[in-house]
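Visitor: My structure file my_file.cif, mmCIF, C-alpha atoms and all ligand atoms, is below:
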```
data_target
#
loop_
_atom_site.label_atom_id
_atom_site.label_comp_id
_atom_site.auth_asym_id
_atom_site.auth_seq_id
_atom_site.Cartn_x
_atom_site.Cartn_y
_atom_site.Cartn_z
CA MET A 1 0.00 0.00 0.00
CA PHE A 2 1.50 3.35 -1.10
CA ASN A 3 1.48 5.74 1.85
CA VAL A 4 3.44 8.93 1.36
CA ALA A 5 3.37 9.86 5.05
CA GLU A 6 5.01 6.53 5.92
CA ILE A 7 7.47 6.86 3.05
CA ARG A 8 8.59 10.28 4.22
CA LYS A 9 9.68 8.80 7.55
CA ASP A 10 12.35 6.87 5.63
CA PHE A 11 14.09 10.10 4.53
CA PRO A 12 16.13 11.93 7.18
CA MET A 13 16.15 15.05 5.00
CA LEU A 14 12.38 15.20 5.24
CA ASN A 15 12.15 14.79 8.97
CA GLY A 16 12.09 18.22 10.50
CA LYS A 17 14.59 19.74 8.05
CA THR A 18 13.97 23.37 7.24
CA MET A 19 15.20 25.84 4.67
CA SER A 20 15.14 29.58 5.40
CA GLY A 21 13.14 28.74 8.52
CA HIS A 22 10.35 27.05 6.54
CA PRO A 23 9.64 23.33 6.28
CA LEU A 24 11.71 22.01 3.36
CA SER A 25 9.79 21.48 0.12
CA TYR A 26 12.39 19.71 -1.99
CA LEU A 27 11.25 19.96 -5.60
CA ASP A 28 14.55 19.58 -7.43
CA ASN A 29 14.52 15.84 -7.88
CA GLY A 30 15.51 16.10 -11.53
CA ALA A 31 18.88 17.35 -10.30
CA THR A 32 19.30 14.77 -7.57
CA THR A 33 17.09 12.95 -5.08
CA LEU A 34 17.06 12.58 -1.33
CA LYS A 35 18.29 9.33 0.20
CA PRO A 36 16.29 6.95 2.39
CA GLN A 37 17.84 5.64 5.60
CA CYS A 38 18.35 2.17 4.09
CA VAL A 39 20.70 3.65 1.46
CA ILE A 40 22.59 5.65 4.06
CA ASP A 41 22.84 2.49 6.18
CA ALA A 42 24.08 0.42 3.23
CA VAL A 43 26.85 2.93 2.49
CA ASN A 44 27.75 3.18 6.18
CA TYR A 45 27.76 -0.61 6.45
CA PHE A 46 30.53 -0.68 3.86
CA TYR A 47 32.52 1.97 5.74
CA GLU A 48 31.91 0.66 9.23
CA GLU A 49 31.78 -3.10 8.81
CA ILE A 50 33.11 -4.44 5.54
CA THR A 51 35.63 -2.05 4.04
CA ALA A 52 37.75 -3.99 1.55
CA ASN A 53 38.33 -3.87 -2.18
CA ALA A 54 36.18 -5.87 -4.59
CA HIS A 55 37.38 -8.74 -6.78
CA ARG A 56 40.88 -8.51 -5.39
CA GLY A 57 41.03 -10.13 -1.97
CA ASP A 58 40.98 -13.75 -0.81
CA TYR A 59 39.75 -13.06 2.67
CA GLU A 60 36.33 -13.02 4.25
CA LEU A 61 35.75 -9.25 4.19
CA SER A 62 36.66 -8.92 0.57
CA MET A 63 34.45 -11.84 -0.35
CA LYS A 64 31.53 -10.21 1.42
CA VAL A 65 32.14 -7.12 -0.68
CA ASP A 66 32.36 -9.25 -3.85
CA LYS A 67 29.04 -10.83 -3.04
CA LEU A 68 27.25 -7.51 -2.55
CA TYR A 69 28.92 -6.10 -5.65
CA GLU A 70 27.65 -8.94 -7.82
CA GLN A 71 24.26 -9.05 -6.12
CA THR A 72 23.85 -5.42 -7.18
CA ARG A 73 24.28 -6.49 -10.79
CA ASP A 74 21.48 -9.04 -10.29
CA VAL A 75 19.23 -6.42 -8.72
CA VAL A 76 19.82 -3.98 -11.60
CA ALA A 77 19.20 -6.76 -14.14
CA LYS A 78 15.89 -7.57 -12.48
CA PHE A 79 14.97 -3.88 -12.25
CA ILE A 80 15.38 -3.22 -16.00
CA ASN A 81 14.76 -6.81 -17.17
CA CYS A 82 18.02 -7.86 -18.76
CA ASP A 83 20.78 -10.41 -18.41
CA ARG A 84 23.25 -9.66 -15.58
CA ARG A 85 26.12 -9.65 -18.11
CA GLU A 86 24.47 -6.66 -19.79
CA VAL A 87 24.88 -4.44 -16.72
CA ALA A 88 28.11 -2.42 -16.49
CA PHE A 89 28.70 -0.11 -13.56
CA THR A 90 29.63 3.47 -14.42
CA SER A 91 29.97 6.75 -12.58
CA GLY A 92 26.62 7.90 -13.97
CA THR A 93 24.66 8.73 -17.09
CA THR A 94 27.33 11.06 -18.43
CA PHE A 95 30.03 8.43 -18.28
CA GLY A 96 27.70 5.82 -19.75
CA ILE A 97 26.89 7.99 -22.77
CA ASN A 98 30.56 8.78 -23.30
CA GLN A 99 31.36 5.08 -23.05
CA VAL A 100 28.79 4.27 -25.73
CA ALA A 101 29.99 7.15 -27.90
CA TYR A 102 33.71 6.41 -27.82
CA GLY A 103 33.52 2.67 -27.25
CA TYR A 104 30.84 1.72 -29.77
CA VAL A 105 29.82 4.56 -32.06
CA ARG A 106 33.37 5.73 -32.79
CA THR A 107 34.34 2.27 -34.03
CA HIS A 108 31.09 1.44 -35.85
CA LEU A 109 30.25 4.67 -37.69
CA LYS A 110 32.25 6.36 -40.42
CA LYS A 111 32.45 9.77 -42.08
CA GLY A 112 29.07 10.86 -43.43
CA ASP A 113 27.03 8.50 -41.25
CA VAL A 114 24.29 10.29 -39.33
CA ILE A 115 23.56 10.39 -35.60
CA LEU A 116 20.03 11.56 -34.79
CA ILE A 117 19.32 13.43 -31.57
CA THR A 118 16.72 16.04 -30.53
CA ASP A 119 16.83 19.71 -29.59
CA ALA A 120 15.78 18.79 -26.07
CA GLU A 121 18.83 16.74 -25.06
CA HIS A 122 20.92 17.34 -21.97
CA ALA A 123 24.53 18.42 -22.60
CA SER A 124 25.68 14.91 -21.70
CA ASN A 125 23.73 13.57 -24.67
CA VAL A 126 24.92 16.23 -27.10
CA LEU A 127 28.57 17.01 -26.53
CA PRO A 128 29.98 13.47 -26.99
CA TRP A 129 28.25 13.35 -30.41
CA PHE A 130 29.61 16.78 -31.33
CA ARG A 131 33.09 15.53 -30.55
CA LEU A 132 32.57 12.46 -32.71
CA ALA A 133 31.42 14.74 -35.52
CA GLU A 134 34.72 16.57 -35.22
CA GLU A 135 36.84 13.48 -34.83
CA ILE A 136 35.39 11.07 -37.38
CA GLY A 137 33.14 13.25 -39.52
CA VAL A 138 29.76 11.83 -38.53
CA VAL A 139 26.87 14.22 -39.10
CA ILE A 140 24.52 15.27 -36.31
CA GLU A 141 20.88 15.74 -37.33
CA TYR A 142 17.95 16.74 -35.16
CA ILE A 143 14.54 15.11 -34.96
CA PRO A 144 12.09 18.03 -35.11
CA LEU A 145 10.02 18.41 -31.97
CA SER A 146 6.27 18.89 -32.13
CA GLU A 147 4.78 22.33 -31.55
CA ASN A 148 4.75 21.81 -27.77
CA GLY A 149 8.18 20.17 -27.61
CA ARG A 150 7.42 16.46 -27.85
CA LEU A 151 9.35 13.79 -29.66
CA THR A 152 6.66 12.04 -31.69
CA VAL A 153 6.67 8.87 -33.75
CA GLU A 154 5.63 10.81 -36.87
CA ASN A 155 8.46 13.31 -36.50
CA PHE A 156 10.94 10.56 -35.85
CA ARG A 157 9.79 8.69 -38.93
CA SER A 158 10.14 11.85 -41.02
CA ALA A 159 13.71 12.37 -39.75
CA MET A 160 14.80 8.78 -40.33
CA HIS A 161 16.69 7.80 -43.50
CA GLU A 162 19.23 5.29 -44.74
CA LYS A 163 22.28 7.25 -43.58
CA VAL A 164 21.13 7.33 -39.95
CA LYS A 165 23.18 4.72 -38.11
CA PHE A 166 22.66 5.80 -34.52
CA VAL A 167 19.83 7.43 -32.57
CA ALA A 168 20.26 8.91 -29.08
CA PHE A 169 17.55 10.60 -27.02
CA ALA A 170 16.17 10.92 -23.50
CA ALA A 171 13.19 8.72 -22.69
CA VAL A 172 12.02 11.61 -20.51
CA GLY A 173 13.36 15.09 -21.21
CA ASN A 174 14.87 16.94 -18.27
CA VAL A 175 13.25 20.30 -19.06
CA LEU A 176 9.75 19.57 -20.32
CA GLY A 177 9.45 16.07 -18.90
CA TYR A 178 7.68 14.61 -21.91
CA LYS A 179 7.85 10.85 -22.34
CA ALA A 180 9.24 9.73 -25.70
CA PRO A 181 7.66 6.81 -27.57
CA VAL A 182 10.77 4.71 -27.01
CA LYS A 183 9.47 1.33 -28.13
CA GLU A 184 8.08 2.64 -31.41
CA ILE A 185 11.24 4.61 -32.15
CA CYS A 186 13.45 1.58 -31.50
CA ALA A 187 11.32 -0.50 -33.88
CA ILE A 188 11.54 2.09 -36.68
CA ALA A 189 15.27 2.66 -36.18
CA HIS A 190 15.89 -1.08 -36.35
CA GLU A 191 13.99 -1.30 -39.65
CA TYR A 192 16.77 0.92 -41.01
CA GLY A 193 19.51 -1.04 -39.23
CA ALA A 194 20.29 1.86 -36.87
CA LYS A 195 21.09 1.35 -33.18
CA VAL A 196 19.39 3.28 -30.39
CA MET A 197 20.75 4.60 -27.11
CA ILE A 198 18.32 5.80 -24.47
CA ASP A 199 19.35 8.44 -21.95
CA GLY A 200 17.40 7.11 -19.00
CA ALA A 201 18.53 9.68 -16.41
CA GLN A 202 15.03 11.11 -15.97
CA SER A 203 12.98 8.04 -16.87
CA VAL A 204 14.45 5.04 -15.05
CA PRO A 205 13.95 6.60 -11.57
CA HIS A 206 10.26 7.27 -12.23
CA ASN A 207 8.85 4.50 -14.42
CA VAL A 208 8.92 0.78 -14.97
CA THR A 209 11.82 0.09 -17.38
CA ASP A 210 11.89 -3.08 -19.41
CA VAL A 211 14.75 -3.04 -21.89
CA LYS A 212 13.63 -6.28 -23.52
CA ASP A 213 10.21 -4.86 -24.22
CA LEU A 214 11.62 -1.52 -25.43
CA ASP A 215 14.26 -3.34 -27.48
CA CYS A 216 16.73 -0.46 -27.02
CA ASP A 217 20.37 -1.22 -27.75
CA PHE A 218 21.91 0.85 -24.95
CA LEU A 219 20.48 2.55 -21.86
CA THR A 220 22.30 4.71 -19.34
CA PHE A 221 21.16 6.07 -15.98
CA SER A 222 22.39 7.52 -12.68
CA ALA A 223 21.87 6.21 -9.15
CA HIS A 224 21.77 9.64 -7.51
CA LYS A 225 18.54 10.52 -9.33
CA MET A 226 16.85 7.44 -7.89
CA CYS A 227 17.60 7.63 -4.17
CA GLY A 228 21.10 6.18 -4.56
CA PRO A 229 24.60 7.58 -4.10
CA SER A 230 26.28 10.12 -6.37
CA GLY A 231 29.02 9.06 -8.75
CA MET A 232 27.28 5.81 -9.54
CA GLY A 233 25.31 4.60 -12.53
CA VAL A 234 24.69 1.92 -15.08
CA MET A 235 25.32 1.33 -18.75
CA TYR A 236 23.07 -1.36 -20.16
CA GLY A 237 23.86 -2.75 -23.60
CA LYS A 238 22.70 -5.78 -25.52
CA TYR A 239 25.25 -8.49 -24.84
CA GLU A 240 26.50 -8.82 -28.40
CA LEU A 241 26.87 -5.03 -28.70
CA LEU A 242 28.79 -4.79 -25.44
CA GLN A 243 31.13 -7.45 -26.78
CA GLU A 244 31.83 -5.11 -29.71
CA THR A 245 32.22 -2.06 -27.44
CA GLU A 246 35.69 -0.97 -26.42
CA PRO A 247 36.15 0.12 -22.82
CA LEU A 248 36.94 3.78 -22.37
CA LEU A 249 39.24 3.04 -19.45
CA LEU A 250 41.80 0.27 -19.17
CA GLY A 251 43.45 -0.95 -16.00
CA GLY A 252 43.28 -3.36 -13.11
CA GLY A 253 40.18 -5.49 -12.95
CA ALA A 254 39.36 -5.13 -16.65
CA ASN A 255 42.11 -7.32 -18.09
CA ALA A 256 42.54 -11.08 -18.04
CA ARG A 257 46.21 -11.02 -19.07
CA PHE A 258 48.89 -8.79 -20.62
CA ASN A 259 52.60 -9.16 -21.29
CA SER A 260 55.69 -7.13 -22.05
CA CYS A 261 54.99 -7.30 -25.79
CA GLY A 262 51.89 -5.21 -25.21
CA GLU A 263 49.48 -8.07 -25.82
CA VAL A 264 46.35 -7.55 -23.78
CA ILE A 265 43.42 -9.86 -23.27
CA LEU A 266 40.47 -8.09 -21.72
CA LYS A 267 38.01 -9.71 -19.37
CA GLU A 268 34.57 -10.73 -20.50
CA VAL A 269 31.64 -8.33 -20.65
CA PRO A 270 30.78 -6.52 -18.39
CA TYR A 271 34.04 -6.70 -16.38
CA LYS A 272 36.10 -5.16 -19.15
CA PHE A 273 34.17 -1.92 -18.49
CA GLU A 274 35.03 -1.82 -14.79
CA ALA A 275 38.72 -0.94 -14.73
CA GLY A 276 40.22 0.33 -11.49
CA THR A 277 38.73 0.21 -8.03
CA GLN A 278 35.06 0.90 -8.50
CA ASN A 279 32.75 3.07 -6.40
CA ILE A 280 32.03 0.12 -4.12
CA GLU A 281 30.01 2.04 -1.56
CA GLY A 282 28.08 3.56 -4.47
CA ILE A 283 27.36 0.11 -5.86
CA ILE A 284 26.19 -1.19 -2.49
CA GLY A 285 24.12 1.95 -1.95
CA MET A 286 22.57 1.64 -5.40
CA LYS A 287 21.50 -1.91 -4.58
CA ALA A 288 19.70 -0.64 -1.47
CA ALA A 289 18.13 2.19 -3.48
CA ILE A 290 16.78 -0.07 -6.22
CA GLU A 291 15.46 -2.58 -3.71
CA TYR A 292 13.75 0.27 -1.92
CA LEU A 293 12.19 1.61 -5.16
CA MET A 294 10.97 -1.87 -6.07
CA LYS A 295 9.39 -2.18 -2.64
CA VAL A 296 7.59 1.16 -3.06
CA GLY A 297 6.60 0.04 -6.57
CA MET A 298 7.48 1.83 -9.79
CA GLU A 299 3.81 1.96 -10.84
CA ASN A 300 2.94 3.64 -7.54
CA ILE A 301 5.75 6.14 -8.02
CA ALA A 302 4.58 7.08 -11.51
CA ALA A 303 0.93 7.34 -10.41
CA HIS A 304 1.73 9.54 -7.39
CA GLU A 305 3.84 11.91 -9.49
CA LYS A 306 1.09 12.15 -12.08
CA GLU A 307 -1.45 13.06 -9.41
CA LEU A 308 0.84 15.75 -7.98
CA ARG A 309 1.54 17.15 -11.45
CA THR A 310 -2.17 17.48 -12.23
CA TYR A 311 -2.71 19.25 -8.93
CA LEU A 312 0.25 21.59 -9.44
CA VAL A 313 -0.64 22.50 -13.02
CA ASN A 314 -4.20 23.14 -11.94
CA GLU A 315 -3.10 25.44 -9.11
CA LEU A 316 -0.47 27.29 -11.15
CA SER A 317 -3.01 27.84 -13.93
CA LYS A 318 -5.11 29.86 -11.48
CA LEU A 319 -2.29 32.40 -11.06
CA ASP A 320 -2.02 35.21 -13.56
CA ASN A 321 1.73 35.77 -13.00
CA VAL A 322 2.77 32.36 -14.35
CA ILE A 323 3.89 31.23 -17.82
CA LEU A 324 3.66 27.43 -18.04
CA TYR A 325 5.78 25.65 -20.65
CA ASN A 326 4.49 22.08 -20.32
CA PRO A 327 0.93 22.09 -18.94
CA ASP A 328 0.31 18.85 -20.86
CA GLY A 329 3.41 17.05 -19.52
CA ASP A 330 3.52 13.38 -18.56
CA THR A 331 5.76 13.36 -15.51
CA GLY A 332 6.55 15.18 -12.28
CA ILE A 333 8.49 17.87 -14.15
CA VAL A 334 6.63 21.19 -14.40
CA THR A 335 8.46 24.08 -16.04
CA PHE A 336 7.38 27.70 -15.82
CA ASN A 337 8.40 31.30 -15.32
CA VAL A 338 7.06 34.02 -13.11
CA LYS A 339 6.12 36.87 -15.45
CA ASP A 340 8.67 39.69 -15.61
CA ILE A 341 10.99 38.04 -13.09
CA PHE A 342 14.34 36.46 -13.96
CA SER A 343 14.10 32.77 -13.13
CA GLN A 344 17.11 32.78 -10.82
CA ASP A 345 15.69 35.68 -8.82
CA ALA A 346 12.36 33.87 -8.57
CA ALA A 347 14.12 30.65 -7.48
CA GLY A 348 15.96 32.68 -4.86
CA TYR A 349 12.67 34.00 -3.52
CA LEU A 350 11.15 30.49 -3.54
CA SER A 351 14.18 29.31 -1.57
CA SER A 352 13.49 32.01 1.03
CA GLN A 353 10.06 30.37 1.39
CA GLY A 354 11.50 26.87 1.89
CA VAL A 355 10.99 25.71 -1.70
CA ALA A 356 13.94 24.19 -3.59
CA VAL A 357 13.61 24.28 -7.39
CA ARG A 358 16.06 24.66 -10.23
CA SER A 359 16.34 27.68 -12.49
CA GLY A 360 18.28 28.33 -15.69
CA ASN A 361 18.60 26.34 -18.90
CA HIS A 362 18.97 22.96 -17.15
CA CYS A 363 21.96 21.92 -19.31
CA ALA A 364 19.67 21.75 -22.36
CA LYS A 365 21.15 24.72 -24.15
CA ILE A 366 19.72 23.94 -27.58
CA LEU A 367 16.16 23.80 -26.24
CA VAL A 368 16.27 27.47 -25.23
CA GLU A 369 15.96 28.35 -28.92
CA PHE A 370 12.81 26.26 -29.09
CA LEU A 371 11.33 27.65 -25.86
CA GLY A 372 12.14 31.21 -26.83
CA THR A 373 13.61 31.88 -23.40
CA ASP A 374 17.05 31.27 -21.91
CA ASP A 375 15.85 30.54 -18.42
CA THR A 376 13.00 28.74 -16.76
CA ILE A 377 12.09 27.43 -13.33
CA ARG A 378 11.85 23.65 -13.12
CA CYS A 379 9.87 21.94 -10.39
CA SER A 380 10.63 18.21 -10.44
CA MET A 381 8.71 15.98 -8.07
CA TYR A 382 9.30 12.50 -6.68
CA PHE A 383 7.22 9.98 -4.79
CA TYR A 384 7.98 11.49 -1.36
CA ASN A 385 6.57 14.88 -2.34
CA THR A 386 3.14 15.89 -1.10
CA LYS A 387 0.30 18.26 -1.87
CA GLU A 388 1.70 20.38 0.96
CA ASP A 389 4.95 20.76 -1.01
CA VAL A 390 2.91 21.82 -4.02
CA ASP A 391 0.90 24.26 -1.91
CA ALA A 392 4.13 25.77 -0.56
CA LEU A 393 5.41 26.21 -4.11
CA VAL A 394 2.18 27.74 -5.38
CA GLU A 395 1.95 30.15 -2.47
CA ALA A 396 5.58 31.21 -2.98
CA VAL A 397 4.95 31.73 -6.70
CA ARG A 398 1.80 33.72 -5.92
CA THR A 399 3.76 36.09 -3.70
CA CYS A 400 6.79 36.23 -5.99
CA THR A 401 6.90 39.89 -6.95
CA ILE A 402 9.79 42.08 -8.04
CA GLU A 403 9.66 43.79 -4.62
CA ASN A 404 9.87 40.44 -2.81
CA CYS A 405 12.82 39.35 -4.92
CA ILE A 406 14.90 42.42 -4.07
CA GLY A 407 17.72 41.56 -1.72
CA ILE A 408 17.40 37.80 -2.27
CA PHE A 409 20.82 36.19 -2.75
CA PHE A 410 21.97 32.63 -3.21
C1 LIG A 501 18.34 13.83 -19.25
C2 LIG A 501 19.66 13.83 -18.54
N1 LIG A 501 20.71 13.23 -19.10
C3 LIG A 501 21.91 13.18 -18.50
C4 LIG A 501 22.11 13.76 -17.29
C5 LIG A 501 23.45 13.67 -16.64
O1 LIG A 501 23.38 12.88 -15.49
P1 LIG A 501 24.63 12.75 -14.52
O2 LIG A 501 25.02 14.14 -14.16
O3 LIG A 501 24.11 11.97 -13.37
O4 LIG A 501 25.70 12.04 -15.27
C6 LIG A 501 21.06 14.42 -16.66
C7 LIG A 501 21.26 15.12 -15.38
O5 LIG A 501 20.53 15.99 -15.00
C8 LIG A 501 19.79 14.45 -17.30
O6 LIG A 501 18.75 15.05 -16.75
#
```
What does the file become when written as structure tokens?
Guide:
Amino acid sequence: MFNVAEIRKDFPMLNGKTMSGHPLSYLDNGATTLKPQCVIDAVNYFYEEITANAHRGDYELSMKVDKLYEQTRDVVAKFINCDRREVAFTSGTTFGINQVAYGYVRTHLKKGDVILITDAEHASNVLPWFRLAEEIGVVIEYIPLSENGRLTVENFRSAMHEKVKFVAFAAVGNVLGYKAPVKEICAIAHEYGAKVMIDGAQSVPHNVTDVKDLDCDFLTFSAHKMCGPSGMGVMYGKYELLQETEPLLLGGGANARFNSCGEVILKEVPYKFEAGTQNIEGIIGMKAAIEYLMKVGMENIAAHEKELRTYLVNELSKLDNVILYNPDGDTGIVTFNVKDIFSQDAAGYLSSQGVAVRSGNHCAKILVEFLGTDDTIRCSMYFYNTKEDVDALVEAVRTCTIENCIGIFF
């Protein structure tokens, strides 16, 4: 049974924490999420009880670490429905995308081949492709967004052609929060023989993810956006594609053998992607986070966020000082501006009222051309948020005037 009041007790940051003397309304979950006690305990357990390296020691402590490390892979595999060998640990979405770009795309595409992305992508899903364009002469093309900023099947189909060899887009955009039709896009791309990488940073934490059903070729996501530790994430890839993917980093743990002649035999997938001592506490913490999310239920999480979004959009629509950019959104991301007030000033005022939101371009610098504004305020909700958080935001927006913003500093 989903009970937000009970859930909130699991999060120390929600128990009595205040900001600017007000109860904390944390509505910046697109940036990072709060951590439940079980994740904090899991990380502390590593520090306090079982500190040892992974896959390197032949003693009890190290073997305990090995076990948890590999159990995490099983938990991730269950969470996104794949084979455990298809789960490689990374430092986060950004690293995962770079790994796919330089490890797979760089060696499989050639000059003149096209990579399709959208105007709405986060910097992490733009800049690696730009670099490949410079380095190997691939061409970046953009799938046109619909009038309100969606990636639609029709628009994707119209952008697709024989030269497109790789498609990369966010399953949920980090500014407008629209859900992309991932399954349909993968099917169309595959008809043309193109591979698809999904940036799952804003989707995996909030929805059921089934990579087999979606039939995506790669998927990357970050633990810190789903109640887990920072500096931790996952790159999923179809097994045969991971076999063809070169690791970005080489070092201890990733090789089976090497000799003085420079001959190197790498370990099997996924271990060849995990060179060097990994973020072990991050891995153990991510296991706790995913188990926690599965206990809460991904369907419950999505449904709760949808309910809050409807309520928030409804309340904001009653105010005449608000410009809403995604009133028809699908997720807990609601993006707006307070009329005549610079978004960062407005966010500063909201902070003075206990409300944490993000302002600016949200690392999606191409989308600003589409939105016609450089800066917006993004409220991004998660399953521990309440109608009271929404009320606090709406009240702060209502009273957000130029006079009230004067003297507000970060
Ligand atoms: C859609 C999207 N992609 C990629 C990233 C980068 O994630 P990370 O900083 O965890 O690597 C973010 C972070 O906000 C994001 O929202």
Visitor: What's the 9 Å shell around A:Ser230, counting all atoms listed in the file, without same-chain residues fewer than 2 positions away, as a ChimeraX atom specification?
Guide: /A:32,91-92,222-225,228,232-233,282
Visitor: Next, write the just-selected residues to a file, as a tab-separated table (two decimals), in the coordinates of the input, keeping C-alpha atoms as the atom set.
Guide:
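Written out: result13.tsv:
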```
chain	number	residue	atom	x	y	z
A	32	THR	CA	19.30	14.77	-7.57
A	91	SER	CA	29.97	6.75	-12.58
A	92	GLY	CA	26.62	7.90	-13.97
A	222	SER	CA	22.39	7.52	-12.68
A	223	ALA	CA	21.87	6.21	-9.15
A	224	HIS	CA	21.77	9.64	-7.51
A	225	LYS	CA	18.54	10.52	-9.33
A	228	GLY	CA	21.10	6.18	-4.56
A	232	MET	CA	27.28	5.81	-9.54
A	233	GLY	CA	25.31	4.60	-12.53
A	282	GLY	CA	28.08	3.56	-4.47
```
Visitor: Give me, as a list in words, the set of residues whose atoms come within 7 Å of any atom of ligand LIG 501 (chain A), counting only C-alpha atoms and all ligand atoms.
Guide: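 For ligand LIG 501 (chain A), the residues inside 7 Å are Gly30, Ala31, Gly92, Thr93, Thr94, Phe95, Glu121, His122, Ser124, Asn125, Ala170, Val172, Gly173, Asn174, Asp199, Gly200, Ala201, Gln202, Ser222 and His224 of chain A.
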Visitor: Name the residues within 12 Å of (25.9, -3.0, -12.6), counting all atoms listed in the file in the file's coordinates, and put them as a PDB file with C-alpha atoms, keeping the file's coordinate frame.
Guide:
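And here's out_6.pdb as it stands now:
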```
ATOM      1  CA  LEU A  68      27.250  -7.510  -2.550  1.00  0.00           C
ATOM      2  CA  TYR A  69      28.920  -6.100  -5.650  1.00  0.00           C
ATOM      3  CA  GLU A  70      27.650  -8.940  -7.820  1.00  0.00           C
ATOM      4  CA  GLN A  71      24.260  -9.050  -6.120  1.00  0.00           C
ATOM      5  CA  THR A  72      23.850  -5.420  -7.180  1.00  0.00           C
ATOM      6  CA  ARG A  73      24.280  -6.490 -10.790  1.00  0.00           C
ATOM      7  CA  ASP A  74      21.480  -9.040 -10.290  1.00  0.00           C
ATOM      8  CA  VAL A  75      19.230  -6.420  -8.720  1.00  0.00           C
ATOM      9  CA  VAL A  76      19.820  -3.980 -11.600  1.00  0.00           C
ATOM     10  CA  ALA A  77      19.200  -6.760 -14.140  1.00  0.00           C
ATOM     11  CA  LYS A  78      15.890  -7.570 -12.480  1.00  0.00           C
ATOM     12  CA  PHE A  79      14.970  -3.880 -12.250  1.00  0.00           C
ATOM     13  CA  ILE A  80      15.380  -3.220 -16.000  1.00  0.00           C
ATOM     14  CA  CYS A  82      18.020  -7.860 -18.760  1.00  0.00           C
ATOM     15  CA  ASP A  83      20.780 -10.410 -18.410  1.00  0.00           C
ATOM     16  CA  ARG A  84      23.250  -9.660 -15.580  1.00  0.00           C
ATOM     17  CA  ARG A  85      26.120  -9.650 -18.110  1.00  0.00           C
ATOM     18  CA  GLU A  86      24.470  -6.660 -19.790  1.00  0.00           C
ATOM     19  CA  VAL A  87      24.880  -4.440 -16.720  1.00  0.00           C
ATOM     20  CA  ALA A  88      28.110  -2.420 -16.490  1.00  0.00           C
ATOM     21  CA  PHE A  89      28.700  -0.110 -13.560  1.00  0.00           C
ATOM     22  CA  THR A  90      29.630   3.470 -14.420  1.00  0.00           C
ATOM     23  CA  SER A  91      29.970   6.750 -12.580  1.00  0.00           C
ATOM     24  CA  GLY A  92      26.620   7.900 -13.970  1.00  0.00           C
ATOM     25  CA  GLY A  96      27.700   5.820 -19.750  1.00  0.00           C
ATOM     26  CA  THR A 220      22.300   4.710 -19.340  1.00  0.00           C
ATOM     27  CA  PHE A 221      21.160   6.070 -15.980  1.00  0.00           C
ATOM     28  CA  SER A 222      22.390   7.520 -12.680  1.00  0.00           C
ATOM     29  CA  ALA A 223      21.870   6.210  -9.150  1.00  0.00           C
ATOM     30  CA  MET A 232      27.280   5.810  -9.540  1.00  0.00           C
ATOM     31  CA  GLY A 233      25.310   4.600 -12.530  1.00  0.00           C
ATOM     32  CA  VAL A 234      24.690   1.920 -15.080  1.00  0.00           C
ATOM     33  CA  MET A 235      25.320   1.330 -18.750  1.00  0.00           C
ATOM     34  CA  TYR A 236      23.070  -1.360 -20.160  1.00  0.00           C
ATOM     35  CA  GLY A 237      23.860  -2.750 -23.600  1.00  0.00           C
ATOM     36  CA  VAL A 269      31.640  -8.330 -20.650  1.00  0.00           C
ATOM     37  CA  PRO A 270      30.780  -6.520 -18.390  1.00  0.00           C
ATOM     38  CA  TYR A 271      34.040  -6.700 -16.380  1.00  0.00           C
ATOM     39  CA  PHE A 273      34.170  -1.920 -18.490  1.00  0.00           C
ATOM     40  CA  GLU A 274      35.030  -1.820 -14.790  1.00  0.00           C
ATOM     41  CA  GLN A 278      35.060   0.900  -8.500  1.00  0.00           C
ATOM     42  CA  ASN A 279      32.750   3.070  -6.400  1.00  0.00           C
ATOM     43  CA  ILE A 280      32.030   0.120  -4.120  1.00  0.00           C
ATOM     44  CA  GLY A 282      28.080   3.560  -4.470  1.00  0.00           C
ATOM     45  CA  ILE A 283      27.360   0.110  -5.860  1.00  0.00           C
ATOM     46  CA  ILE A 284      26.190  -1.190  -2.490  1.00  0.00           C
ATOM     47  CA  GLY A 285      24.120   1.950  -1.950  1.00  0.00           C
ATOM     48  CA  MET A 286      22.570   1.640  -5.400  1.00  0.00           C
ATOM     49  CA  LYS A 287      21.500  -1.910  -4.580  1.00  0.00           C
ATOM     50  CA  ILE A 290      16.780  -0.070  -6.220  1.00  0.00           C
TER      51      ILE A 290
END
```
Visitor: Could I get the residues of stretch 166-219 of chain A with an atom no further than 10 Å from an atom of stretch 101-109 of chain A, each paired with its nearest atom pair and that distance in Å to one decimal, using all atoms listed in the file, sorted by chain and residue number, as a Markdown table?
Guide:
```
| residue | atom | partner | partner_atom | distance |
| --- | --- | --- | --- | --- |
| A:Phe166 | CA | A:Val105 | CA | 7.7 |
| A:Ala168 | CA | A:Ala101 | CA | 10.0 |
| A:Lys195 | CA | A:Val105 | CA | 9.4 |
| A:Met197 | CA | A:Ala101 | CA | 9.6 |
```
Visitor: Using all atoms listed in the file, which residues sit within 10 Å of A:Gly407 once same-chain residues fewer than 6 positions away are excluded, as a count of residues only?
Guide: 3
Visitor: From the options A:Glu141, A:Glu184, A:Glu154, A:Glu147, which residue's atoms come nearest to A:Thr118, counting only C-alpha atoms?
Guide: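 Nearest to A:Thr118: A:Glu141.
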Visitor: Once you add 4 Å to each side, what are the centre and edge lengths of the axis-aligned box holding all listed atoms of stretch 265-276 of chain A? One decimal in Å, as lines of an AutoDock Vina configuration file, if you can.
Guide:
```
center_x = 37.1
center_y = -5.2
center_z = -17.4
size_x = 20.6
size_y = 19.1
size_z = 19.8
```
